[in-house]
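For reference, the structure is listed below as structure tokens.
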Amino acid sequence: MSKALKLEDVKISCVVCTLHAPTSIEKLLDSLLLQEWFDGDELILIDNGLSSQRRSQVEQRLKDFTERGIFAQCHLEPQRGVVYARIKSIQVSKNPWLLSLDDDNILGSGAFRQIRQRLFEYPALGGICPHLEPVWEVKPEPWVIALGHQVLSYNISEQYSSPYQWCLWKPGAIGQRPPTGGMIIAKTVAEDFIRLCLRTPIIFDFTPKGERRFTGEDFIMYSLIYMRKDLFSAYDDSIIVQHQIPVKRTTLRYLVMTMFWSNYSFGIQGLMRFGKLNVFYCLARGWARLLYEMIKQCSHTASWRILFAYCLGFLGFLFGTFNGLFNVECKRIRIDP
């Protein structure tokens with residue numbers, strides 16, 4: 001991408017997809033109002049299932065932005081599913097940079113300015129992984145915090161800190177991936193993701209369905225950066241995104257079910273990355289990753305609950321791998337160098 005002449009020439013589209021617009025979205029919108037917005041920036045909210053009453057309430061909140069001269073709109077995506085909502089947000093956004101947030105995020109003070117500064121300094125950035133930390137409704141036990149690093153969408157906690165303050169990975173090098181809630185990504189990469197979804201419809205299935213917490217569309221989207229020979233990726237510890245986590249997501253049942261279904265998804269995606277002929281390599285690689293993470297977490301926080309969750313993770317990856325093996329829609333895609 002060509003370098004902007006001035007900092008304010010770096011235009012950002014902040015996109016938020018929501019199914020029910022829980023009360024947590026109020027803190028997200030409050031944090032966005034405190035950011036430094038320039039003319040041309042926009043806030044796009046995707047309604048993926050709101051009641052008419054809740055949509056009216058959300059649109060009322062968006063007036064707080066328009067009254068300050070910030071372009072803010074709510075768009076309907078009638079097809080339920082996080083991938084459909086993500087695609088809609090990409091299609092209706094108009095700027096070359098997307099900041100994707102979930103309805104339970106809080107954007108840290110000065111985040112817009114820091115994102116804009118990095119994109120101004122490094123116009124060839126394809127994506128940035130920010131500092132993602134949990135905000136607990138009730139502070140949980142240490143084993144919950146440990147498991148949360150696997151399934152609750154944060155990369156920083158009181159147990160683990162990032163080895164980087166700022167790190168830049170050259171094109172083709174695999175860097176640190178963020179979840180969609182907090183992902184900063186070039187729109188050209190996001191458009192690559194749309195084309196990939198249309199060629200590979202199984203990606204639309206990677207969306208939570210009740211207790212079946214299918215996931216991984218964010219992994220696929222961000223990984224497309226690494227296939228681009230013209231784009232860098234980065235981690236910036238000064239861009240802070242918080243994730244509000246209610247008590248119901250800290251129960252053993254929720255965490256182990258999420259561990260099972262997320263790894264079930266990763267088993268299918270492993271075959272998509274390495275091909276069905278490499279099924280045993282895919283299985284060995286996935287289990288080795290889980291074993292490494294389990295040993296690392298148990299060495300820091302000893303708990304039978306962590307071992308139990310990882311056992312279900314191993315089973316989920318196994319079942320997902322063999323489901324993908326016999327699924328005709330599970331086709332090989334190129335998302336890593």
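Chain labels A, B, ... are given in the sequence in which chains occur in the structure tokens; within each chain residues are numbered consecutively from 1, and ligands are likewise numbered from 1 in the order shown.
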Contact residues around region 35-44 of chain A with only C-alpha atoms at 10 Å, ignoring same-chain residues under 3 positions, as a PDB file with N, CA, C and O atoms, in the first residue's frame:
ATOM      1  N   LEU A   7      -0.802  11.634   9.002  1.00  0.00           N
ATOM      2  CA  LEU A   7      -1.358  10.630   9.902  1.00  0.00           C
ATOM      3  C   LEU A   7      -2.863  10.498   9.716  1.00  0.00           C
ATOM      4  O   LEU A   7      -3.405   9.385   9.696  1.00  0.00           O
ATOM      5  N   GLU A   8      -3.539  11.626   9.551  1.00  0.00           N
ATOM      6  CA  GLU A   8      -4.999  11.581   9.422  1.00  0.00           C
ATOM      7  C   GLU A   8      -5.460  11.007   8.091  1.00  0.00           C
ATOM      8  O   GLU A   8      -6.668  10.772   7.897  1.00  0.00           O
ATOM      9  N   ASP A   9      -4.514  10.778   7.165  1.00  0.00           N
ATOM     10  CA  ASP A   9      -4.880  10.131   5.896  1.00  0.00           C
ATOM     11  C   ASP A   9      -5.043   8.617   6.049  1.00  0.00           C
ATOM     12  O   ASP A   9      -5.523   7.958   5.125  1.00  0.00           O
ATOM     13  N   VAL A  10      -4.616   8.063   7.179  1.00  0.00           N
ATOM     14  CA  VAL A  10      -4.796   6.632   7.449  1.00  0.00           C
ATOM     15  C   VAL A  10      -6.232   6.435   7.946  1.00  0.00           C
ATOM     16  O   VAL A  10      -6.569   6.833   9.065  1.00  0.00           O
ATOM     17  N   LYS A  11      -7.075   5.860   7.120  1.00  0.00           N
ATOM     18  CA  LYS A  11      -8.494   5.714   7.436  1.00  0.00           C
ATOM     19  C   LYS A  11      -8.786   4.308   7.965  1.00  0.00           C
ATOM     20  O   LYS A  11      -8.339   3.319   7.388  1.00  0.00           O
ATOM     21  N   ILE A  12      -9.570   4.248   9.025  1.00  0.00           N
ATOM     22  CA  ILE A  12      -9.862   2.987   9.703  1.00  0.00           C
ATOM     23  C   ILE A  12     -11.367   2.736   9.725  1.00  0.00           C
ATOM     24  O   ILE A  12     -12.147   3.644  10.034  1.00  0.00           O
ATOM     25  N   SER A  13     -11.751   1.519   9.414  1.00  0.00           N
ATOM     26  CA  SER A  13     -13.134   1.069   9.601  1.00  0.00           C
ATOM     27  C   SER A  13     -13.158   0.147  10.811  1.00  0.00           C
ATOM     28  O   SER A  13     -12.512  -0.902  10.800  1.00  0.00           O
ATOM     29  N   CYS A  14     -13.869   0.546  11.842  1.00  0.00           N
ATOM     30  CA  CYS A  14     -14.047  -0.297  13.025  1.00  0.00           C
ATOM     31  C   CYS A  14     -15.317  -1.104  12.813  1.00  0.00           C
ATOM     32  O   CYS A  14     -16.407  -0.534  12.645  1.00  0.00           O
ATOM     33  N   VAL A  15     -15.210  -2.433  12.797  1.00  0.00           N
ATOM     34  CA  VAL A  15     -16.365  -3.290  12.506  1.00  0.00           C
ATOM     35  C   VAL A  15     -16.663  -4.172  13.723  1.00  0.00           C
ATOM     36  O   VAL A  15     -15.760  -4.738  14.339  1.00  0.00           O
ATOM     37  N   VAL A  16     -17.945  -4.260  14.056  1.00  0.00           N
ATOM     38  CA  VAL A  16     -18.405  -5.038  15.209  1.00  0.00           C
ATOM     39  C   VAL A  16     -19.569  -5.916  14.758  1.00  0.00           C
ATOM     40  O   VAL A  16     -20.566  -5.395  14.238  1.00  0.00           O
ATOM     41  N   CYS A  17     -19.446  -7.210  14.933  1.00  0.00           N
ATOM     42  CA  CYS A  17     -20.526  -8.144  14.613  1.00  0.00           C
ATOM     43  C   CYS A  17     -21.184  -8.598  15.906  1.00  0.00           C
ATOM     44  O   CYS A  17     -20.488  -8.926  16.879  1.00  0.00           O
ATOM     45  N   LEU A  29     -18.921   0.444  23.232  1.00  0.00           N
ATOM     46  CA  LEU A  29     -19.265   1.710  22.570  1.00  0.00           C
ATOM     47  C   LEU A  29     -18.736   2.904  23.349  1.00  0.00           C
ATOM     48  O   LEU A  29     -18.269   3.890  22.762  1.00  0.00           O
ATOM     49  N   ASP A  30     -18.783   2.811  24.677  1.00  0.00           N
ATOM     50  CA  ASP A  30     -18.211   3.894  25.500  1.00  0.00           C
ATOM     51  C   ASP A  30     -16.723   4.061  25.207  1.00  0.00           C
ATOM     52  O   ASP A  30     -16.221   5.184  25.075  1.00  0.00           O
ATOM     53  N   SER A  31     -16.001   2.934  25.101  1.00  0.00           N
ATOM     54  CA  SER A  31     -14.558   3.003  24.843  1.00  0.00           C
ATOM     55  C   SER A  31     -14.273   3.541  23.445  1.00  0.00           C
ATOM     56  O   SER A  31     -13.269   4.237  23.225  1.00  0.00           O
ATOM     57  N   LEU A  32     -15.136   3.243  22.488  1.00  0.00           N
ATOM     58  CA  LEU A  32     -14.938   3.746  21.127  1.00  0.00           C
ATOM     59  C   LEU A  32     -15.176   5.251  21.052  1.00  0.00           C
ATOM     60  O   LEU A  32     -14.492   5.966  20.298  1.00  0.00           O
ATOM     61  N   ASP A  47     -25.755  -6.412  12.484  1.00  0.00           N
ATOM     62  CA  ASP A  47     -26.854  -7.048  13.217  1.00  0.00           C
ATOM     63  C   ASP A  47     -27.050  -8.445  12.643  1.00  0.00           C
ATOM     64  O   ASP A  47     -27.525  -8.606  11.523  1.00  0.00           O
ATOM     65  N   LEU A  62     -25.724   4.570  18.517  1.00  0.00           N
ATOM     66  CA  LEU A  62     -24.892   4.997  17.393  1.00  0.00           C
ATOM     67  C   LEU A  62     -25.069   6.481  17.091  1.00  0.00           C
ATOM     68  O   LEU A  62     -24.180   7.116  16.514  1.00  0.00           O
ATOM     69  N   PHE A  65     -22.368   8.746  18.171  1.00  0.00           N
ATOM     70  CA  PHE A  65     -21.229   8.892  17.265  1.00  0.00           C
ATOM     71  C   PHE A  65     -21.546   9.896  16.159  1.00  0.00           C
ATOM     72  O   PHE A  65     -20.725  10.786  15.871  1.00  0.00           O
ATOM     73  N   THR A  66     -22.705   9.756  15.531  1.00  0.00           N
ATOM     74  CA  THR A  66     -23.044  10.658  14.425  1.00  0.00           C
ATOM     75  C   THR A  66     -23.145  12.108  14.892  1.00  0.00           C
ATOM     76  O   THR A  66     -22.822  13.034  14.143  1.00  0.00           O
ATOM     77  N   ARG A  68     -21.248  13.436  16.922  1.00  0.00           N
ATOM     78  CA  ARG A  68     -19.862  13.936  16.992  1.00  0.00           C
ATOM     79  C   ARG A  68     -19.190  13.951  15.629  1.00  0.00           C
ATOM     80  O   ARG A  68     -17.985  14.158  15.536  1.00  0.00           O
ATOM     81  N   GLY A  69     -19.968  13.701  14.577  1.00  0.00           N
ATOM     82  CA  GLY A  69     -19.423  13.729  13.224  1.00  0.00           C
ATOM     83  C   GLY A  69     -18.742  12.443  12.813  1.00  0.00           C
ATOM     84  O   GLY A  69     -18.011  12.420  11.810  1.00  0.00           O
ATOM     85  N   ILE A  70     -18.970  11.361  13.557  1.00  0.00           N
ATOM     86  CA  ILE A  70     -18.374  10.063  13.242  1.00  0.00           C
ATOM     87  C   ILE A  70     -19.383   9.244  12.452  1.00  0.00           C
ATOM     88  O   ILE A  70     -20.525   9.071  12.884  1.00  0.00           O
ATOM     89  N   PHE A  71     -18.979   8.752  11.309  1.00  0.00           N
ATOM     90  CA  PHE A  71     -19.876   7.938  10.491  1.00  0.00           C
ATOM     91  C   PHE A  71     -20.111   6.603  11.196  1.00  0.00           C
ATOM     92  O   PHE A  71     -19.178   5.855  11.474  1.00  0.00           O
ATOM     93  N   ALA A  72     -21.366   6.287  11.501  1.00  0.00           N
ATOM     94  CA  ALA A  72     -21.718   5.055  12.212  1.00  0.00           C
ATOM     95  C   ALA A  72     -23.008   4.508  11.644  1.00  0.00           C
ATOM     96  O   ALA A  72     -24.011   5.232  11.559  1.00  0.00           O
ATOM     97  N   GLN A  73     -22.985   3.225  11.257  1.00  0.00           N
ATOM     98  CA  GLN A  73     -24.157   2.597  10.679  1.00  0.00           C
ATOM     99  C   GLN A  73     -24.320   1.177  11.194  1.00  0.00           C
ATOM    100  O   GLN A  73     -23.332   0.512  11.539  1.00  0.00           O
ATOM    101  N   CYS A  74     -25.579   0.719  11.204  1.00  0.00           N
ATOM    102  CA  CYS A  74     -25.902  -0.661  11.559  1.00  0.00           C
ATOM    103  C   CYS A  74     -26.468  -1.346  10.318  1.00  0.00           C
ATOM    104  O   CYS A  74     -27.410  -0.837   9.708  1.00  0.00           O
ATOM    105  N   HIS A  75     -25.877  -2.474   9.935  1.00  0.00           N
ATOM    106  CA  HIS A  75     -26.315  -3.220   8.760  1.00  0.00           C
ATOM    107  C   HIS A  75     -26.826  -4.593   9.187  1.00  0.00           C
ATOM    108  O   HIS A  75     -26.259  -5.222  10.093  1.00  0.00           O
ATOM    109  N   LYS A  88     -20.126  -9.740   5.708  1.00  0.00           N
ATOM    110  CA  LYS A  88     -20.942  -8.541   5.524  1.00  0.00           C
ATOM    111  C   LYS A  88     -20.182  -7.293   5.971  1.00  0.00           C
ATOM    112  O   LYS A  88     -20.195  -6.256   5.291  1.00  0.00           O
ATOM    113  N   SER A  89     -19.492  -7.394   7.108  1.00  0.00           N
ATOM    114  CA  SER A  89     -18.753  -6.237   7.625  1.00  0.00           C
ATOM    115  C   SER A  89     -17.639  -5.817   6.672  1.00  0.00           C
ATOM    116  O   SER A  89     -17.362  -4.622   6.508  1.00  0.00           O
ATOM    117  N   ILE A  90     -17.007  -6.793   6.024  1.00  0.00           N
ATOM    118  CA  ILE A  90     -15.942  -6.485   5.067  1.00  0.00           C
ATOM    119  C   ILE A  90     -16.529  -5.815   3.823  1.00  0.00           C
ATOM    120  O   ILE A  90     -15.990  -4.831   3.307  1.00  0.00           O
ATOM    121  N   VAL A  92     -19.309  -4.059   3.427  1.00  0.00           N
ATOM    122  CA  VAL A  92     -19.898  -2.713   3.562  1.00  0.00           C
ATOM    123  C   VAL A  92     -18.874  -1.673   4.036  1.00  0.00           C
ATOM    124  O   VAL A  92     -19.144  -0.467   3.944  1.00  0.00           O
ATOM    125  N   SER A  93     -17.725  -2.097   4.531  1.00  0.00           N
ATOM    126  CA  SER A  93     -16.702  -1.135   4.971  1.00  0.00           C
ATOM    127  C   SER A  93     -16.031  -0.522   3.752  1.00  0.00           C
ATOM    128  O   SER A  93     -15.951  -1.140   2.695  1.00  0.00           O
ATOM    129  N   LYS A  94     -15.520   0.690   3.916  1.00  0.00           N
ATOM    130  CA  LYS A  94     -14.979   1.403   2.758  1.00  0.00           C
ATOM    131  C   LYS A  94     -13.498   1.757   2.891  1.00  0.00           C
ATOM    132  O   LYS A  94     -12.911   2.278   1.936  1.00  0.00           O
ATOM    133  N   ASN A  95     -12.905   1.507   4.046  1.00  0.00           N
ATOM    134  CA  ASN A  95     -11.529   1.930   4.264  1.00  0.00           C
ATOM    135  C   ASN A  95     -10.535   0.786   4.076  1.00  0.00           C
ATOM    136  O   ASN A  95     -10.906  -0.386   4.166  1.00  0.00           O
ATOM    137  N   TRP A  97      -8.226  -0.249   6.009  1.00  0.00           N
ATOM    138  CA  TRP A  97      -7.837  -0.933   7.238  1.00  0.00           C
ATOM    139  C   TRP A  97      -9.071  -1.239   8.072  1.00  0.00           C
ATOM    140  O   TRP A  97      -9.935  -0.377   8.252  1.00  0.00           O
ATOM    141  N   LEU A  98      -9.139  -2.456   8.600  1.00  0.00           N
ATOM    142  CA  LEU A  98     -10.254  -2.881   9.428  1.00  0.00           C
ATOM    143  C   LEU A  98      -9.765  -3.180  10.839  1.00  0.00           C
ATOM    144  O   LEU A  98      -8.764  -3.886  11.023  1.00  0.00           O
ATOM    145  N   LEU A  99     -10.472  -2.630  11.807  1.00  0.00           N
ATOM    146  CA  LEU A  99     -10.289  -3.013  13.202  1.00  0.00           C
ATOM    147  C   LEU A  99     -11.529  -3.806  13.585  1.00  0.00           C
ATOM    148  O   LEU A  99     -12.625  -3.253  13.692  1.00  0.00           O
ATOM    149  N   SER A 100     -11.369  -5.112  13.750  1.00  0.00           N
ATOM    150  CA  SER A 100     -12.499  -5.989  14.043  1.00  0.00           C
ATOM    151  C   SER A 100     -12.592  -6.214  15.549  1.00  0.00           C
ATOM    152  O   SER A 100     -11.630  -6.649  16.185  1.00  0.00           O
ATOM    153  N   LEU A 107     -11.994  -1.276  23.996  1.00  0.00           N
ATOM    154  CA  LEU A 107     -10.782  -0.786  23.345  1.00  0.00           C
ATOM    155  C   LEU A 107     -10.045   0.157  24.282  1.00  0.00           C
ATOM    156  O   LEU A 107     -10.630   1.110  24.812  1.00  0.00           O
ATOM    157  N   GLY A 108      -8.758  -0.120  24.502  1.00  0.00           N
ATOM    158  CA  GLY A 108      -7.963   0.653  25.437  1.00  0.00           C
ATOM    159  C   GLY A 108      -7.783   2.104  25.012  1.00  0.00           C
ATOM    160  O   GLY A 108      -7.881   2.451  23.827  1.00  0.00           O
ATOM    161  N   SER A 109      -7.501   2.929  25.975  1.00  0.00           N
ATOM    162  CA  SER A 109      -7.304   4.355  25.731  1.00  0.00           C
ATOM    163  C   SER A 109      -6.180   4.583  24.729  1.00  0.00           C
ATOM    164  O   SER A 109      -5.103   3.991  24.829  1.00  0.00           O
ATOM    165  N   GLY A 110      -6.436   5.448  23.746  1.00  0.00           N
ATOM    166  CA  GLY A 110      -5.419   5.805  22.758  1.00  0.00           C
ATOM    167  C   GLY A 110      -5.138   4.743  21.716  1.00  0.00           C
ATOM    168  O   GLY A 110      -4.194   4.888  20.920  1.00  0.00           O
ATOM    169  N   ALA A 111      -5.954   3.692  21.663  1.00  0.00           N
ATOM    170  CA  ALA A 111      -5.685   2.591  20.738  1.00  0.00           C
ATOM    171  C   ALA A 111      -5.774   3.043  19.280  1.00  0.00           C
ATOM    172  O   ALA A 111      -4.932   2.668  18.454  1.00  0.00           O
ATOM    173  N   PHE A 112      -6.789   3.851  18.954  1.00  0.00           N
ATOM    174  CA  PHE A 112      -6.922   4.319  17.570  1.00  0.00           C
ATOM    175  C   PHE A 112      -5.674   5.083  17.134  1.00  0.00           C
ATOM    176  O   PHE A 112      -5.184   4.898  16.025  1.00  0.00           O
ATOM    177  N   ARG A 113      -5.194   5.958  18.005  1.00  0.00           N
ATOM    178  CA  ARG A 113      -4.012   6.753  17.649  1.00  0.00           C
ATOM    179  C   ARG A 113      -2.800   5.848  17.417  1.00  0.00           C
ATOM    180  O   ARG A 113      -2.045   6.054  16.459  1.00  0.00           O
ATOM    181  N   GLN A 114      -2.610   4.841  18.276  1.00  0.00           N
ATOM    182  CA  GLN A 114      -1.460   3.962  18.134  1.00  0.00           C
ATOM    183  C   GLN A 114      -1.582   3.095  16.878  1.00  0.00           C
ATOM    184  O   GLN A 114      -0.593   2.866  16.178  1.00  0.00           O
ATOM    185  N   ARG A 116      -3.188   3.883  14.168  1.00  0.00           N
ATOM    186  CA  ARG A 116      -2.977   4.782  13.026  1.00  0.00           C
ATOM    187  C   ARG A 116      -1.485   5.097  12.855  1.00  0.00           C
ATOM    188  O   ARG A 116      -0.971   5.160  11.733  1.00  0.00           O
TER     189      ARG A 116
END
Hey, what's within 9 Å of Cys298 (chain A) if we count only C-alpha atoms and toss same-chain stuff fewer than 4 positions away? As a list in words, please?
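The contact residues come out as Trp143, Ala146, Glu293, Met294, Ala302, Ser303, Ile306 and Leu307 of chain A.
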Identify all residues of region 11-49 of chain A in strand (DSSP E) (DSSP on the backbone) and supply them as number ranges by chain. A: 12-18, 42-47
In Å, rounded to a single decimal, give me how far CA of Ile115 (chain A) is from CA of Asp230 (chain A).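 A separation of 19.6 Å between them.
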Residues near Cys282 (chain A), anyone? I mean within 10 Å using only C-alpha atoms, not counting same-chain ones fewer than 3 positions away, as a PyMOL selection string.
chain A and resi 266-279+285-288+317-318+321
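Residues in contact with region 191-200 of chain A at 8 Å, where only C-alpha atoms are counted and same-chain residues fewer than 3 positions away are skipped, are listed as Ile87, Ile90, Lys187, Thr188, Ile203, Phe204, Ile220, Met221, Leu224, Glu329, Cys330 and Lys331 of chain A.
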Contacts of region 172-178 of chain A within 10 Å, only C-alpha atoms, excl. fewer than 6 positions in-chain, as a PyMOL selection string:
chain A and resi 127-132+153-155+184+218-235+336-337
Q: Enumerate the residues of region 149-284 of chain A with a DSSP assignment of alpha helix (DSSP H), computed from the backbone, and present them as a ChimeraX atom specification.
A: /A:149-151,187-199,217-223,252-274,279-284
Generate the output file for the selected residues, N, CA and C atoms, as a compact mmCIF listing (two decimals), in the first residue's frame.
# COMPACT_ATOMS: atom_id res chain seq x y z
N HIS A 149 -6.41 -18.99 28.22
CA HIS A 149 -5.47 -18.68 27.15
C HIS A 149 -5.72 -19.54 25.92
N GLN A 150 -6.36 -20.68 26.11
CA GLN A 150 -6.70 -21.55 24.98
C GLN A 150 -8.05 -21.22 24.36
N VAL A 151 -9.02 -20.82 25.19
CA VAL A 151 -10.39 -20.77 24.67
C VAL A 151 -11.16 -19.47 24.97
N LYS A 187 -7.80 -4.56 4.44
CA LYS A 187 -9.03 -4.98 3.78
C LYS A 187 -8.74 -5.90 2.60
N THR A 188 -7.61 -5.72 1.93
CA THR A 188 -7.28 -6.59 0.81
C THR A 188 -7.15 -8.05 1.27
N VAL A 189 -6.62 -8.25 2.47
CA VAL A 189 -6.52 -9.61 3.02
C VAL A 189 -7.90 -10.14 3.37
N ALA A 190 -8.73 -9.27 3.98
CA ALA A 190 -10.09 -9.67 4.32
C ALA A 190 -10.87 -10.04 3.06
N GLU A 191 -10.62 -9.36 1.96
CA GLU A 191 -11.29 -9.70 0.70
C GLU A 191 -10.78 -11.03 0.16
N ASP A 192 -9.51 -11.33 0.41
CA ASP A 192 -8.99 -12.67 0.07
C ASP A 192 -9.77 -13.74 0.83
N PHE A 193 -10.12 -13.43 2.08
CA PHE A 193 -10.87 -14.37 2.91
C PHE A 193 -12.26 -14.61 2.32
N ILE A 194 -12.91 -13.58 1.83
CA ILE A 194 -14.23 -13.75 1.21
C ILE A 194 -14.14 -14.70 0.02
N ARG A 195 -13.14 -14.48 -0.82
CA ARG A 195 -12.99 -15.33 -2.00
C ARG A 195 -12.72 -16.78 -1.59
N LEU A 196 -11.92 -16.95 -0.52
CA LEU A 196 -11.63 -18.31 -0.06
C LEU A 196 -12.89 -18.98 0.46
N CYS A 197 -13.72 -18.25 1.19
CA CYS A 197 -14.97 -18.81 1.71
C CYS A 197 -15.89 -19.26 0.57
N LEU A 198 -15.95 -18.48 -0.48
CA LEU A 198 -16.82 -18.83 -1.61
C LEU A 198 -16.31 -20.08 -2.33
N ARG A 199 -14.99 -20.28 -2.33
CA ARG A 199 -14.43 -21.49 -2.94
C ARG A 199 -14.50 -22.70 -2.01
N GLU A 217 -12.41 -19.46 12.14
CA GLU A 217 -12.45 -18.61 10.95
C GLU A 217 -11.46 -17.46 11.07
N ASP A 218 -11.21 -17.01 12.31
CA ASP A 218 -10.24 -15.94 12.53
C ASP A 218 -8.83 -16.40 12.22
N PHE A 219 -8.51 -17.65 12.59
CA PHE A 219 -7.19 -18.24 12.28
C PHE A 219 -6.97 -18.26 10.77
N ILE A 220 -7.99 -18.68 10.04
CA ILE A 220 -7.87 -18.76 8.58
C ILE A 220 -7.69 -17.38 7.98
N MET A 221 -8.50 -16.42 8.41
CA MET A 221 -8.42 -15.08 7.84
C MET A 221 -7.03 -14.46 8.06
N TYR A 222 -6.56 -14.49 9.29
CA TYR A 222 -5.28 -13.84 9.57
C TYR A 222 -4.12 -14.57 8.89
N SER A 223 -4.24 -15.89 8.76
CA SER A 223 -3.17 -16.67 8.12
C SER A 223 -2.97 -16.30 6.66
N LEU A 252 -16.40 -24.97 34.65
CA LEU A 252 -15.66 -26.10 34.08
C LEU A 252 -16.38 -26.63 32.84
N ARG A 253 -17.71 -26.72 32.90
CA ARG A 253 -18.46 -27.25 31.76
C ARG A 253 -18.23 -26.40 30.51
N TYR A 254 -18.35 -25.09 30.66
CA TYR A 254 -18.18 -24.22 29.49
C TYR A 254 -16.76 -24.36 28.92
N LEU A 255 -15.77 -24.36 29.77
CA LEU A 255 -14.38 -24.39 29.31
C LEU A 255 -14.02 -25.71 28.63
N VAL A 256 -14.46 -26.84 29.21
CA VAL A 256 -14.09 -28.12 28.60
C VAL A 256 -14.87 -28.35 27.31
N MET A 257 -16.14 -27.90 27.26
CA MET A 257 -16.89 -28.03 26.01
C MET A 257 -16.27 -27.17 24.91
N THR A 258 -15.84 -25.98 25.27
CA THR A 258 -15.18 -25.11 24.30
C THR A 258 -13.85 -25.69 23.86
N MET A 259 -13.13 -26.29 24.80
CA MET A 259 -11.86 -26.94 24.47
C MET A 259 -12.08 -28.08 23.47
N PHE A 260 -13.14 -28.86 23.69
CA PHE A 260 -13.42 -29.97 22.78
C PHE A 260 -13.79 -29.47 21.39
N TRP A 261 -14.76 -28.55 21.30
CA TRP A 261 -15.26 -28.14 19.99
C TRP A 261 -14.29 -27.25 19.24
N SER A 262 -13.49 -26.45 19.93
CA SER A 262 -12.49 -25.64 19.23
C SER A 262 -11.43 -26.56 18.60
N ASN A 263 -11.01 -27.58 19.34
CA ASN A 263 -10.02 -28.50 18.78
C ASN A 263 -10.62 -29.42 17.73
N TYR A 264 -11.91 -29.71 17.84
CA TYR A 264 -12.61 -30.41 16.77
C TYR A 264 -12.50 -29.59 15.48
N SER A 265 -12.73 -28.29 15.59
CA SER A 265 -12.60 -27.41 14.43
C SER A 265 -11.17 -27.41 13.90
N PHE A 266 -10.19 -27.35 14.81
CA PHE A 266 -8.80 -27.31 14.39
C PHE A 266 -8.38 -28.62 13.72
N GLY A 267 -9.00 -29.75 14.12
CA GLY A 267 -8.72 -31.01 13.45
C GLY A 267 -9.13 -30.97 11.99
N ILE A 268 -10.32 -30.44 11.72
CA ILE A 268 -10.78 -30.29 10.34
C ILE A 268 -9.86 -29.34 9.59
N GLN A 269 -9.52 -28.22 10.23
CA GLN A 269 -8.69 -27.22 9.57
C GLN A 269 -7.27 -27.73 9.33
N GLY A 270 -6.80 -28.65 10.19
CA GLY A 270 -5.49 -29.25 9.96
C GLY A 270 -5.45 -30.00 8.65
N LEU A 271 -6.51 -30.76 8.37
CA LEU A 271 -6.58 -31.47 7.08
C LEU A 271 -6.68 -30.48 5.93
N MET A 272 -7.38 -29.38 6.16
CA MET A 272 -7.49 -28.36 5.11
C MET A 272 -6.12 -27.74 4.82
N ARG A 273 -5.29 -27.64 5.83
CA ARG A 273 -3.96 -27.05 5.65
C ARG A 273 -2.98 -28.02 5.01
N PHE A 274 -3.00 -29.30 5.46
CA PHE A 274 -1.95 -30.23 5.06
C PHE A 274 -2.42 -31.32 4.11
N VAL A 279 -2.94 -37.22 6.84
CA VAL A 279 -3.81 -37.27 8.01
C VAL A 279 -3.05 -37.60 9.28
N PHE A 280 -2.08 -38.51 9.21
CA PHE A 280 -1.36 -38.88 10.43
C PHE A 280 -0.38 -37.79 10.85
N TYR A 281 0.19 -37.09 9.89
CA TYR A 281 1.03 -35.94 10.21
C TYR A 281 0.20 -34.85 10.87
N CYS A 282 -0.99 -34.61 10.31
CA CYS A 282 -1.90 -33.60 10.86
C CYS A 282 -2.26 -33.94 12.30
N LEU A 283 -2.58 -35.21 12.55
CA LEU A 283 -2.97 -35.65 13.88
C LEU A 283 -1.79 -35.53 14.86
N ALA A 284 -0.60 -35.96 14.42
CA ALA A 284 0.58 -35.89 15.28
C ALA A 284 0.94 -34.44 15.60
Got a sec: who's within 9 Å of Lys139 (chain A), counting only C-alpha atoms, leaving out chain neighbours fewer than 3 positions off, as a PyMOL selection string? chain A and resi 135-136+247
Note to self: Quick check, in Å to one decimal: how far apart do CA of Glu141 (chain A) and CA of Ile106 (chain A) lie?
What the structure shows: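 One can read the CA of Glu141 (chain A) to CA of Ile106 (chain A) distance as 22.6 Å.
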Between CA of Pro142 (chain A) and CA of Leu28 (chain A), measure the distance and give it in Å to one decimal.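 Separating CA of Pro142 (chain A) from CA of Leu28 (chain A) is a distance of 26.2 Å.
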